[in-house]
$ cat query.txt   # compact mmCIF, C-alpha atoms
# COMPACT_ATOMS: atom_id res chain seq x y z
CA MET D 23 116.83 142.35 52.81
CA ASP D 24 118.40 142.17 49.35
CA GLY D 25 116.46 145.07 47.87
CA GLU D 26 118.89 147.96 48.35
CA GLU D 27 122.53 148.53 47.58
CA LEU D 28 125.04 149.59 50.23
CA THR D 29 125.63 153.30 50.49
CA GLU D 30 129.09 154.76 49.91
CA GLN D 31 129.38 155.39 53.65
CA GLU D 32 128.51 151.75 54.45
CA THR D 33 130.92 150.45 51.81
CA ALA D 34 133.74 152.54 53.27
CA LEU D 35 132.98 151.64 56.91
CA TYR D 36 132.55 147.90 56.31
CA ASP D 37 135.30 147.52 53.70
CA ARG D 38 137.22 144.84 55.62
CA GLN D 39 134.10 142.79 56.29
CA ILE D 40 133.03 143.01 52.66
CA ARG D 41 136.41 141.58 51.68
CA VAL D 42 135.74 138.61 53.97
CA TRP D 43 132.09 137.72 53.24
CA GLY D 44 131.18 139.83 50.20
CA ALA D 45 128.94 142.80 49.46
CA GLY D 46 125.78 140.66 49.26
CA ALA D 47 126.22 139.34 52.80
CA GLN D 48 126.98 142.82 54.13
CA ARG D 49 123.91 144.20 52.38
CA ARG D 50 121.71 141.59 54.08
CA LEU D 51 123.27 142.47 57.44
CA SER D 52 122.68 146.19 56.94
CA LYS D 53 118.97 145.56 56.28
CA ALA D 54 118.43 143.10 59.15
CA HIS D 55 116.33 143.95 62.23
CA ILE D 56 117.21 142.16 65.47
CA LEU D 57 115.25 141.91 68.72
CA VAL D 58 117.05 141.09 71.97
CA CYS D 59 115.04 140.22 75.09
CA GLY D 60 116.89 140.12 78.41
CA ILE D 61 120.16 141.98 79.00
CA THR D 62 123.07 140.06 80.54
CA GLY D 63 126.84 140.23 80.27
CA THR D 64 126.69 137.61 77.52
CA ILE D 65 124.01 139.56 75.66
CA ALA D 66 126.08 142.75 76.00
CA GLU D 67 128.97 141.02 74.22
CA PHE D 68 126.61 139.75 71.53
CA CYS D 69 125.10 143.20 70.96
CA LYS D 70 128.54 144.78 70.65
CA ASN D 71 129.54 142.23 68.01
CA ILE D 72 126.48 142.61 65.79
CA VAL D 73 126.47 146.40 66.09
CA LEU D 74 130.10 146.50 64.97
CA ALA D 75 129.21 144.09 62.14
CA GLY D 76 126.69 146.63 60.88
CA VAL D 77 123.16 145.24 61.29
CA GLY D 78 120.32 147.54 60.30
CA SER D 79 118.68 147.90 63.70
CA LEU D 80 118.78 146.46 67.20
CA THR D 81 115.81 146.61 69.60
CA LEU D 82 116.36 145.89 73.31
CA VAL D 83 113.71 144.68 75.79
CA ASP D 84 114.42 144.52 79.53
CA ASP D 85 112.73 146.80 82.06
CA ARG D 86 114.97 145.80 84.99
CA ALA D 87 117.02 148.32 86.92
CA VAL D 88 120.80 148.08 87.26
CA THR D 89 122.03 145.68 89.96
CA GLU D 90 125.45 144.86 91.40
CA GLU D 91 125.34 141.55 89.52
CA ALA D 92 124.70 143.33 86.21
CA LEU D 93 127.59 145.73 86.84
CA SER D 94 130.01 142.84 87.40
CA ALA D 95 129.41 141.27 83.96
CA ASN D 96 127.95 143.94 81.64
CA PHE D 97 130.65 146.26 80.28
CA LEU D 98 128.05 148.47 78.55
CA ILE D 99 126.82 149.88 81.87
CA PRO D 100 128.65 153.10 82.83
CA SER D 101 130.41 153.09 86.18
CA ASP D 102 129.13 156.59 86.98
CA GLU D 103 126.17 156.30 89.37
CA ASN D 104 124.82 159.67 88.25
CA VAL D 105 124.55 158.43 84.66
CA CYS D 106 122.75 155.25 85.78
CA ALA D 107 120.24 156.98 88.03
CA GLY D 108 116.65 156.47 86.91
CA LYS D 109 117.54 154.43 83.82
CA THR D 110 116.83 150.78 82.99
CA LEU D 111 119.42 148.29 81.79
CA THR D 112 118.26 148.66 78.21
CA GLU D 113 118.41 152.45 78.22
CA LEU D 114 122.00 152.41 79.49
CA CYS D 115 123.07 149.71 77.02
CA ARG D 116 121.37 151.54 74.15
CA ASP D 117 123.33 154.70 74.85
CA SER D 118 126.63 152.79 75.00
CA LEU D 119 125.95 150.75 71.84
CA LYS D 120 125.21 153.86 69.79
CA ASP D 121 128.83 154.93 70.36
CA PHE D 122 130.14 151.69 68.84
CA ASN D 123 128.49 152.27 65.48
CA PRO D 124 126.33 155.37 64.88
CA MET D 125 125.04 153.84 61.63
CA VAL D 126 123.10 151.15 63.52
CA ARG D 127 119.69 152.13 64.91
CA VAL D 128 119.51 151.01 68.55
CA SER D 129 116.18 151.41 70.34
CA VAL D 130 114.37 150.30 73.50
CA GLU D 131 110.95 148.65 73.72
CA LYS D 132 109.22 148.49 77.10
CA GLY D 133 106.78 145.81 78.21
CA ASP D 134 106.35 142.14 79.05
CA LEU D 135 107.62 139.72 76.41
CA SER D 136 104.73 137.31 76.72
CA SER D 137 102.23 140.12 76.14
CA PHE D 138 103.64 141.10 72.74
CA GLY D 139 101.55 139.80 69.85
CA ALA D 140 102.73 138.14 66.64
CA GLU D 141 102.60 141.48 64.82
CA PHE D 142 105.35 142.80 67.10
CA TYR D 143 107.71 139.90 66.34
CA SER D 144 106.99 140.11 62.60
CA LYS D 145 109.01 143.35 62.47
CA PHE D 146 112.24 141.41 63.08
CA ASP D 147 114.46 138.99 61.20
CA VAL D 148 116.14 137.59 64.33
CA VAL D 149 114.83 137.18 67.89
CA VAL D 150 117.25 136.44 70.76
CA VAL D 151 115.96 135.75 74.27
CA SER D 152 117.79 135.43 77.58
CA CYS D 153 116.82 135.53 81.29
CA CYS D 154 113.49 133.95 80.31
CA SER D 155 111.48 131.12 81.81
CA PHE D 156 110.95 127.79 80.10
CA THR D 157 107.34 128.79 79.28
CA THR D 158 108.33 132.18 77.84
CA LYS D 159 110.95 130.62 75.56
CA LYS D 160 108.37 128.21 74.16
CA LEU D 161 105.76 130.95 73.75
CA ILE D 162 108.03 133.35 71.84
CA ASN D 163 109.39 130.56 69.64
CA GLU D 164 105.83 129.49 68.78
CA LYS D 165 104.86 133.07 67.87
CA CYS D 166 107.90 133.36 65.60
CA ARG D 167 107.09 130.06 63.89
CA LYS D 168 103.49 131.08 63.15
CA LEU D 169 104.55 134.15 61.17
CA SER D 170 104.33 134.20 57.37
CA LYS D 171 108.01 135.26 57.21
CA ARG D 172 110.91 133.19 58.57
CA VAL D 173 112.28 134.60 61.82
CA ALA D 174 115.47 133.11 63.26
CA PHE D 175 115.08 132.33 66.98
CA TYR D 176 117.83 131.92 69.60
CA THR D 177 117.96 131.41 73.34
CA VAL D 178 121.14 131.94 75.36
CA ASP D 179 121.85 131.21 79.01
CA CYS D 180 125.04 131.53 81.01
CA ARG D 181 125.24 130.18 84.56
CA ASP D 182 128.48 130.15 86.52
CA SER D 183 131.09 129.23 83.87
CA CYS D 184 128.70 127.22 81.69
CA GLY D 185 126.75 128.43 78.69
CA GLU D 186 123.99 127.15 76.38
CA ILE D 187 122.75 128.45 73.03
CA PHE D 188 119.65 127.08 71.30
CA VAL D 189 119.02 127.75 67.60
CA ASP D 190 115.83 127.48 65.53
CA LEU D 191 116.22 128.64 61.93
CA GLN D 192 113.14 126.68 60.81
CA HIS D 193 113.93 125.90 57.14
CA HIS D 194 117.31 127.49 56.43
CA LYS D 195 119.07 127.71 53.06
CA TYR D 196 122.71 128.77 52.93
CA SER D 197 125.92 128.41 50.96
CA LYS D 198 129.35 127.25 52.02
CA GLN D 199 132.70 127.14 50.32
CA LYS D 200 134.23 123.77 49.51
CA ARG D 201 137.62 124.22 47.93
CA GLU D 202 136.90 126.81 45.25
CA GLU D 203 133.24 125.91 44.77
CA ALA D 204 130.18 127.39 46.52
CA ILE D 205 127.78 124.64 47.60
CA GLU D 206 124.10 125.32 48.28
CA CYS D 207 122.74 123.60 51.42
CA GLU D 208 119.60 123.52 53.54
CA LEU D 209 118.69 122.46 57.06
CA HIS D 210 115.39 121.76 58.82
CA TYR D 211 115.20 122.73 62.50
CA LEU D 212 113.05 121.61 65.42
CA SER D 213 111.29 124.17 67.60
CA PHE D 214 112.45 124.72 71.18
CA GLU D 215 109.58 122.62 72.53
CA GLU D 216 110.25 119.81 70.04
CA SER D 217 113.97 119.86 70.82
CA ILE D 218 113.58 119.48 74.58
CA SER D 219 110.82 116.88 74.11
CA VAL D 220 113.12 114.36 72.42
CA PRO D 221 113.28 111.31 74.76
CA TRP D 222 116.58 111.29 76.64
CA LYS D 223 117.15 107.61 75.91
CA ALA D 224 116.99 108.41 72.17
CA LEU D 225 119.96 110.78 72.41
CA PRO D 226 123.54 109.56 71.78
CA ARG D 227 125.30 107.99 74.76
CA LYS D 228 127.96 110.72 74.90
CA PHE D 229 125.49 113.59 74.65
CA SER D 230 126.53 116.72 76.59
CA LYS D 231 125.87 116.43 80.32
CA LEU D 232 125.11 120.15 80.33
CA TYR D 233 122.05 119.55 78.16
CA PHE D 234 120.48 117.31 80.80
CA ALA D 235 121.56 119.52 83.71
CA MET D 236 120.02 122.60 82.09
CA ARG D 237 116.74 120.76 81.52
CA VAL D 238 116.62 119.76 85.22
CA ILE D 239 117.26 123.36 86.33
CA GLU D 240 114.64 124.60 83.85
CA ARG D 241 112.00 122.17 85.13
CA PHE D 242 112.77 123.02 88.76
CA GLU D 243 112.47 126.78 88.19
CA GLU D 244 109.20 126.22 86.37
CA ALA D 245 107.74 124.00 89.09
CA GLU D 246 108.80 126.38 91.86
CA GLN D 247 107.78 129.48 89.88
CA ARG D 248 111.27 130.93 90.19
CA LYS D 249 112.82 133.36 87.77
CA PRO D 250 116.10 132.31 86.11
CA GLY D 251 118.92 132.93 88.56
CA GLU D 252 116.82 132.81 91.74
CA LEU D 253 118.20 129.45 92.95
CA SER D 254 120.66 128.97 95.82
CA ILE D 255 122.58 126.16 97.49
CA ALA D 256 119.56 125.58 99.74
CA ASP D 257 117.67 124.32 96.68
CA LEU D 258 120.26 121.66 95.81
CA PRO D 259 118.61 118.71 97.64
CA ALA D 260 115.30 119.38 95.86
CA VAL D 261 117.06 119.79 92.50
CA VAL D 262 118.89 116.47 92.98
CA LYS D 263 115.59 114.81 93.91
CA LEU D 264 114.00 116.11 90.71
CA LYS D 265 117.00 114.87 88.73
CA LYS D 266 116.45 111.35 90.05
CA GLU D 267 112.75 111.49 89.16
CA LEU D 268 113.44 112.73 85.63
CA CYS D 269 116.20 110.18 85.03
CA GLU D 270 113.91 107.38 86.17
CA ALA D 271 111.06 108.63 83.96
CA GLN D 272 113.40 109.03 80.98
CA SER D 273 115.27 105.73 81.55
CA LEU D 274 118.57 107.59 81.83
CA ASN D 275 121.42 106.64 84.14
CA GLU D 276 121.82 109.30 86.84
CA SER D 277 125.57 109.48 86.13
CA HIS D 278 124.70 111.49 82.98
CA ILE D 279 123.88 114.43 85.26
CA PRO D 280 126.67 114.66 87.87
CA ASN D 281 125.59 116.20 91.16
CA VAL D 282 128.77 118.28 91.15
CA LEU D 283 127.61 119.94 87.91
CA LEU D 284 124.16 120.65 89.33
CA GLU D 285 125.78 122.09 92.45
CA ARG D 286 127.79 124.54 90.32
CA LEU D 287 124.70 125.67 88.40
CA VAL D 288 122.60 126.04 91.55
CA THR D 289 125.21 127.55 93.90
CA ASP D 290 126.28 130.42 91.67
CA THR D 291 123.69 131.35 89.07
CA ARG D 292 125.56 134.53 88.11
CA GLU D 293 127.57 134.77 84.92
CA PHE D 294 131.32 134.22 85.17
CA PRO D 295 132.49 137.39 83.34
CA PRO D 296 135.36 135.75 81.35
CA VAL D 297 132.84 133.34 79.80
CA CYS D 298 130.54 136.11 78.52
CA PRO D 299 132.76 137.08 75.54
CA ILE D 300 133.02 133.43 74.51
CA ILE D 301 129.28 132.69 74.50
CA GLY D 302 128.41 136.16 73.20
CA GLY D 303 131.01 135.82 70.46
CA ILE D 304 129.68 132.44 69.31
CA LEU D 305 126.11 133.77 69.33
CA GLY D 306 127.12 136.83 67.32
CA GLN D 307 128.91 134.66 64.78
CA GLU D 308 125.87 132.42 64.41
CA VAL D 309 123.42 135.29 63.93
CA ILE D 310 125.67 136.82 61.28
CA LYS D 311 125.83 133.45 59.48
CA ALA D 312 122.03 133.09 59.62
CA ILE D 313 121.44 136.58 58.21
CA SER D 314 124.15 136.45 55.57
CA GLY D 315 123.38 132.88 54.45
CA LYS D 316 127.10 132.10 54.52
CA GLY D 317 128.60 129.11 56.36
CA ASP D 318 127.36 126.10 58.34
CA PRO D 319 125.07 127.25 61.21
CA LEU D 320 124.68 125.56 64.60
CA LYS D 321 121.98 122.91 64.95
CA ASN D 322 120.34 122.71 67.58
CA PHE D 323 122.39 123.39 70.74
CA PHE D 324 125.82 124.74 71.61
CA PHE D 325 127.33 124.12 75.05
CA PHE D 326 130.43 125.59 76.68
CA ASN D 327 131.99 124.55 79.99
CA ALA D 328 134.99 126.54 81.19
CA MET D 329 136.08 123.64 83.42
CA ASP D 330 137.29 121.73 80.36
CA GLY D 331 137.36 124.62 77.88
CA LYS D 332 135.27 122.71 75.34
CA GLY D 333 132.54 123.97 73.08
CA ILE D 334 130.16 121.24 71.87
CA ILE D 335 127.45 121.30 69.20
CA GLU D 336 124.59 118.85 69.77
CA ASP D 337 121.92 118.02 67.17
CA VAL D 338 118.94 116.49 68.95
CA SER D 339 117.14 115.63 65.72
CA GLY D 340 119.91 113.61 64.11
CA LYS D 341 118.56 114.80 60.74
CA THR D 342 119.44 117.46 58.15
$ encode --input "query.txt" --output "structure tokens"
Amino acid sequence: MDGEELTEQETALYDRQIRVWGAGAQRRLSKAHILVCGITGTIAEFCKNIVLAGVGSLTLVDDRAVTEEALSANFLIPSDENVCAGKTLTELCRDSLKDFNPMVRVSVEKGDLSSFGAEFYSKFDVVVVSCCSFTTKKLINEKCRKLSKRVAFYTVDCRDSCGEIFVDLQHHKYSKQKREEAIECELHYLSFEESISVPWKALPRKFSKLYFAMRVIERFEEAEQRKPGELSIADLPAVVKLKKELCEAQSLNESHIPNVLLERLVTDTREFPPVCPIIGGILGQEVIKAISGKGDPLKNFFFFNAMDGKGIIEDVSGKT
């Protein structure tokens, strides 16, 4: 991504950004290819941010039709029913995103994520997945890790007013500014499967309760063969039962996963629209840092809970 200089048009358009992070970082952004799987309100915010930042290309994958739930959180979907007729979520979002920055190539890819081979993922520098099952997340992350090139992998989920971002940059080298000196750093990341396989009792005592709650929800959806977001209040007793079983197996006190938190995540699986810009903004910031090689990236999880307004970074490996 460092092979070509910025054009005069790019230099003029991204002048303010170049002043912040430099021409080298902007050049890497303008040559980066990003794949996004699963369109939500949070993903819409993320796409807007990286398109405005000036990435090279953005490919969208999601064959679903527009729903009332999507309309409530995704600002990229036009309100005109005639415009939406016969189009998928990705086609509508593509058309809207092109208006934000005509210099960014925005395209749509149709098909099932799990059916795409490694060659498909090798075309990208960053892969972001949302609305995916536990198994699909693991599968795509494994395919990215087996490639000869390094592909940054992210998952993002927003339920009710809570959000989770997972990051796998594999072996990531970057620079950060300390006083007036640029320091070269590197981090080693766990895969998604490795990260969620860390024994719960090995995690710090004050580890985010959202981490455990999300793992319970994930396991329940997998066991019941539900798609993300298909739970309801009727499932709460079974979810609580699974929580008790997992806590017992993992030697974790049940108080680490409050039932009131599980109830929130199960009762309303839709995104709370005001939270979408927060999670989408953080994700956009992290992807830009990963591409540009500037600044400390997240490792491994980021959690946000609107009830207390806190954003928490949790490193499950405890290593650099």
$ closest_atom_pairs --input "query.txt" --of "region 154-181 of chain D" --to "region 141-144 of chain D" --cutoff "10 Å" --atoms "all atoms listed in the file" --output "tab-separated table"
residue	atom	partner	partner_atom	distance
D:Ile162	CA	D:Tyr143	CA	8.6
D:Lys165	CA	D:Tyr143	CA	7.6
D:Cys166	CA	D:Tyr143	CA	6.6
D:Lys168	CA	D:Ser144	CA	9.7
D:Leu169	CA	D:Ser144	CA	6.6
D:Ser170	CA	D:Ser144	CA	8.3
D:Lys171	CA	D:Ser144	CA	7.3
D:Arg172	CA	D:Ser144	CA	8.9
D:Val173	CA	D:Ser144	CA	7.7
$ residues_around --input "query.txt" --residues "Cys106 (chain D)" --least-positions-apart "5" --cutoff "12 Å" --atoms "only C-alpha atoms" --output "number ranges by chain"
D: 87-89, 93, 98-101, 111-115, 117-118
$ closest_atom_pairs --input "query.txt" --of "region 135-155 of chain D" --to "region 61-71 of chain D" --cutoff "10 Å" --atoms "all atoms listed in the file" --output "JSON lines"
{"residue": "D:Val150", "atom": "CA", "partner": "D:Ile65", "partner_atom": "CA", "distance": 8.9}
{"residue": "D:Val151", "atom": "CA", "partner": "D:Ile61", "partner_atom": "CA", "distance": 8.9}
{"residue": "D:Ser152", "atom": "CA", "partner": "D:Ile61", "partner_atom": "CA", "distance": 7.1}
{"residue": "D:Cys153", "atom": "CA", "partner": "D:Ile61", "partner_atom": "CA", "distance": 7.6}
$ atom_distance --input "query.txt" --atom1 "CA of Gly60 (chain D)" --atom2 "CA of Asp84 (chain D)"
5.2 Å
$ closest_residue --input "query.txt" --among "D:Pro319, D:Gly303, D:Pro221, D:Pro280" --to "Tyr196 (chain D)" --atoms "all atoms listed in the file"
D:Pro319
$ residues_around --input "query.txt" --residues "Lys332 (chain D)" --least-positions-apart "4" --cutoff "12 Å" --atoms "only C-alpha atoms" --output "ChimeraX atom specification"
/D:183-185,230,232,297,300-301,324-328
$ write_last_selection --input "query.txt" --atoms "C-alpha atoms" --output "PDB file, in the frame of the given file"
ATOM      1  CA  SER D 183     131.090 129.230  83.870  1.00  0.00           C
ATOM      2  CA  CYS D 184     128.700 127.220  81.690  1.00  0.00           C
ATOM      3  CA  GLY D 185     126.750 128.430  78.690  1.00  0.00           C
ATOM      4  CA  SER D 230     126.530 116.720  76.590  1.00  0.00           C
ATOM      5  CA  LEU D 232     125.110 120.150  80.330  1.00  0.00           C
ATOM      6  CA  VAL D 297     132.840 133.340  79.800  1.00  0.00           C
ATOM      7  CA  ILE D 300     133.020 133.430  74.510  1.00  0.00           C
ATOM      8  CA  ILE D 301     129.280 132.690  74.500  1.00  0.00           C
ATOM      9  CA  PHE D 324     125.820 124.740  71.610  1.00  0.00           C
ATOM     10  CA  PHE D 325     127.330 124.120  75.050  1.00  0.00           C
ATOM     11  CA  PHE D 326     130.430 125.590  76.680  1.00  0.00           C
ATOM     12  CA  ASN D 327     131.990 124.550  79.990  1.00  0.00           C
ATOM     13  CA  ALA D 328     134.990 126.540  81.190  1.00  0.00           C
TER      14      ALA D 328
END
$ residues_around --input "query.txt" --residues "Val261 (chain D)" --least-positions-apart "4" --cutoff "12 Å" --atoms "only C-alpha atoms" --output "VMD selection string"
chain D and resid 235 to 246 253 to 257 265 to 268 279 to 289
$ closest_residue --input "query.txt" --among "D:Asp190, D:Lys160, D:Ile40, D:Val73" --to "Asn123 (chain D)" --atoms "all atoms listed in the file"
D:Val73
$ closest_residue --input "query.txt" --among "D:Gly76, D:Gly251, D:Gly315, D:Gly139" --to "Leu119 (chain D)" --atoms "all atoms listed in the file"
D:Gly76
$ residues_near_point --input "query.txt" --point "(106.7, 140.0, 76.3)" --cutoff "12 Å" --atoms "only C-alpha atoms" --output "count of residues only"
30
$ atom_distance --input "query.txt" --atom1 "CA of Leu209 (chain D)" --atom2 "CA of Leu320 (chain D)"
10.1 Å
$ axis_aligned_box --input "query.txt" --around "region 264-274 of chain D" --padding-each-side "3 Å" --output "lines of an AutoDock Vina configuration file"
center_x = 114.8
center_y = 110.9
center_z = 85.8
size_x = 13.5
size_y = 16.4
size_z = 15.7
$ atom_distance --input "query.txt" --atom1 "CA of Trp43 (chain D)" --atom2 "CA of Phe122 (chain D)"
21.0 Å
$ residues_around --input "query.txt" --residues "region 54-56 of chain D" --least-positions-apart "5" --cutoff "9 Å" --atoms "all atoms listed in the file" --output "PyMOL selection string"
chain D and resi 23+49+77-82+145-150+313
$ closest_residue --input "query.txt" --among "D:Tyr36, D:Phe175, D:Trp222, D:Phe294" --to "Glu91 (chain D)" --atoms "all atoms listed in the file"
D:Phe294
$ build_atoms --input "query.txt" --residues "region 163-175 of chain D" --atoms "N, CA, C and O atoms" --output "mmCIF file, in the frame of the given file"
data_model
loop_
_atom_site.group_PDB
_atom_site.id
_atom_site.type_symbol
_atom_site.label_atom_id
_atom_site.label_comp_id
_atom_site.auth_asym_id
_atom_site.auth_seq_id
_atom_site.Cartn_x
_atom_site.Cartn_y
_atom_site.Cartn_z
ATOM 1 N N ASN D 163 109.019 131.392 70.783
ATOM 2 C CA ASN D 163 109.390 130.560 69.640
ATOM 3 C C ASN D 163 108.164 130.173 68.811
ATOM 4 O O ASN D 163 108.190 130.210 67.569
ATOM 5 N N GLU D 164 107.066 129.846 69.484
ATOM 6 C CA GLU D 164 105.830 129.490 68.780
ATOM 7 C C GLU D 164 105.297 130.679 67.981
ATOM 8 O O GLU D 164 104.856 130.516 66.834
ATOM 9 N N LYS D 165 105.341 131.876 68.575
ATOM 10 C CA LYS D 165 104.860 133.070 67.870
ATOM 11 C C LYS D 165 105.709 133.341 66.629
ATOM 12 O O LYS D 165 105.183 133.715 65.576
ATOM 13 N N CYS D 166 107.013 133.158 66.745
ATOM 14 C CA CYS D 166 107.900 133.360 65.600
ATOM 15 C C CYS D 166 107.610 132.355 64.496
ATOM 16 O O CYS D 166 107.625 132.689 63.307
ATOM 17 N N ARG D 167 107.329 131.120 64.881
ATOM 18 C CA ARG D 167 107.090 130.060 63.890
ATOM 19 C C ARG D 167 105.761 130.229 63.161
ATOM 20 O O ARG D 167 105.604 129.723 62.052
ATOM 21 N N LYS D 168 104.811 130.914 63.769
ATOM 22 C CA LYS D 168 103.490 131.080 63.150
ATOM 23 C C LYS D 168 103.442 132.237 62.150
ATOM 24 O O LYS D 168 102.448 132.412 61.452
ATOM 25 N N LEU D 169 104.524 133.011 62.076
ATOM 26 C CA LEU D 169 104.550 134.150 61.170
ATOM 27 C C LEU D 169 104.688 133.701 59.717
ATOM 28 O O LEU D 169 105.235 132.631 59.443
ATOM 29 N N SER D 170 104.233 134.531 58.803
ATOM 30 C CA SER D 170 104.330 134.200 57.370
ATOM 31 C C SER D 170 105.775 134.307 56.885
ATOM 32 O O SER D 170 106.161 133.664 55.912
ATOM 33 N N LYS D 171 106.596 135.124 57.560
ATOM 34 C CA LYS D 171 108.010 135.260 57.210
ATOM 35 C C LYS D 171 108.841 134.390 58.152
ATOM 36 O O LYS D 171 108.402 134.056 59.262
ATOM 37 N N ARG D 172 110.026 133.998 57.720
ATOM 38 C CA ARG D 172 110.910 133.190 58.570
ATOM 39 C C ARG D 172 111.679 134.093 59.518
ATOM 40 O O ARG D 172 112.356 135.019 59.087
ATOM 41 N N VAL D 173 111.555 133.836 60.810
ATOM 42 C CA VAL D 173 112.280 134.600 61.820
ATOM 43 C C VAL D 173 113.214 133.638 62.562
ATOM 44 O O VAL D 173 112.774 132.635 63.116
ATOM 45 N N ALA D 174 114.497 133.941 62.550
ATOM 46 C CA ALA D 174 115.470 133.110 63.260
ATOM 47 C C ALA D 174 115.322 133.338 64.762
ATOM 48 O O ALA D 174 115.208 134.478 65.210
ATOM 49 N N PHE D 175 115.324 132.246 65.532
ATOM 50 C CA PHE D 175 115.080 132.330 66.980
ATOM 51 C C PHE D 175 116.255 131.703 67.736
ATOM 52 O O PHE D 175 116.724 130.605 67.387
#
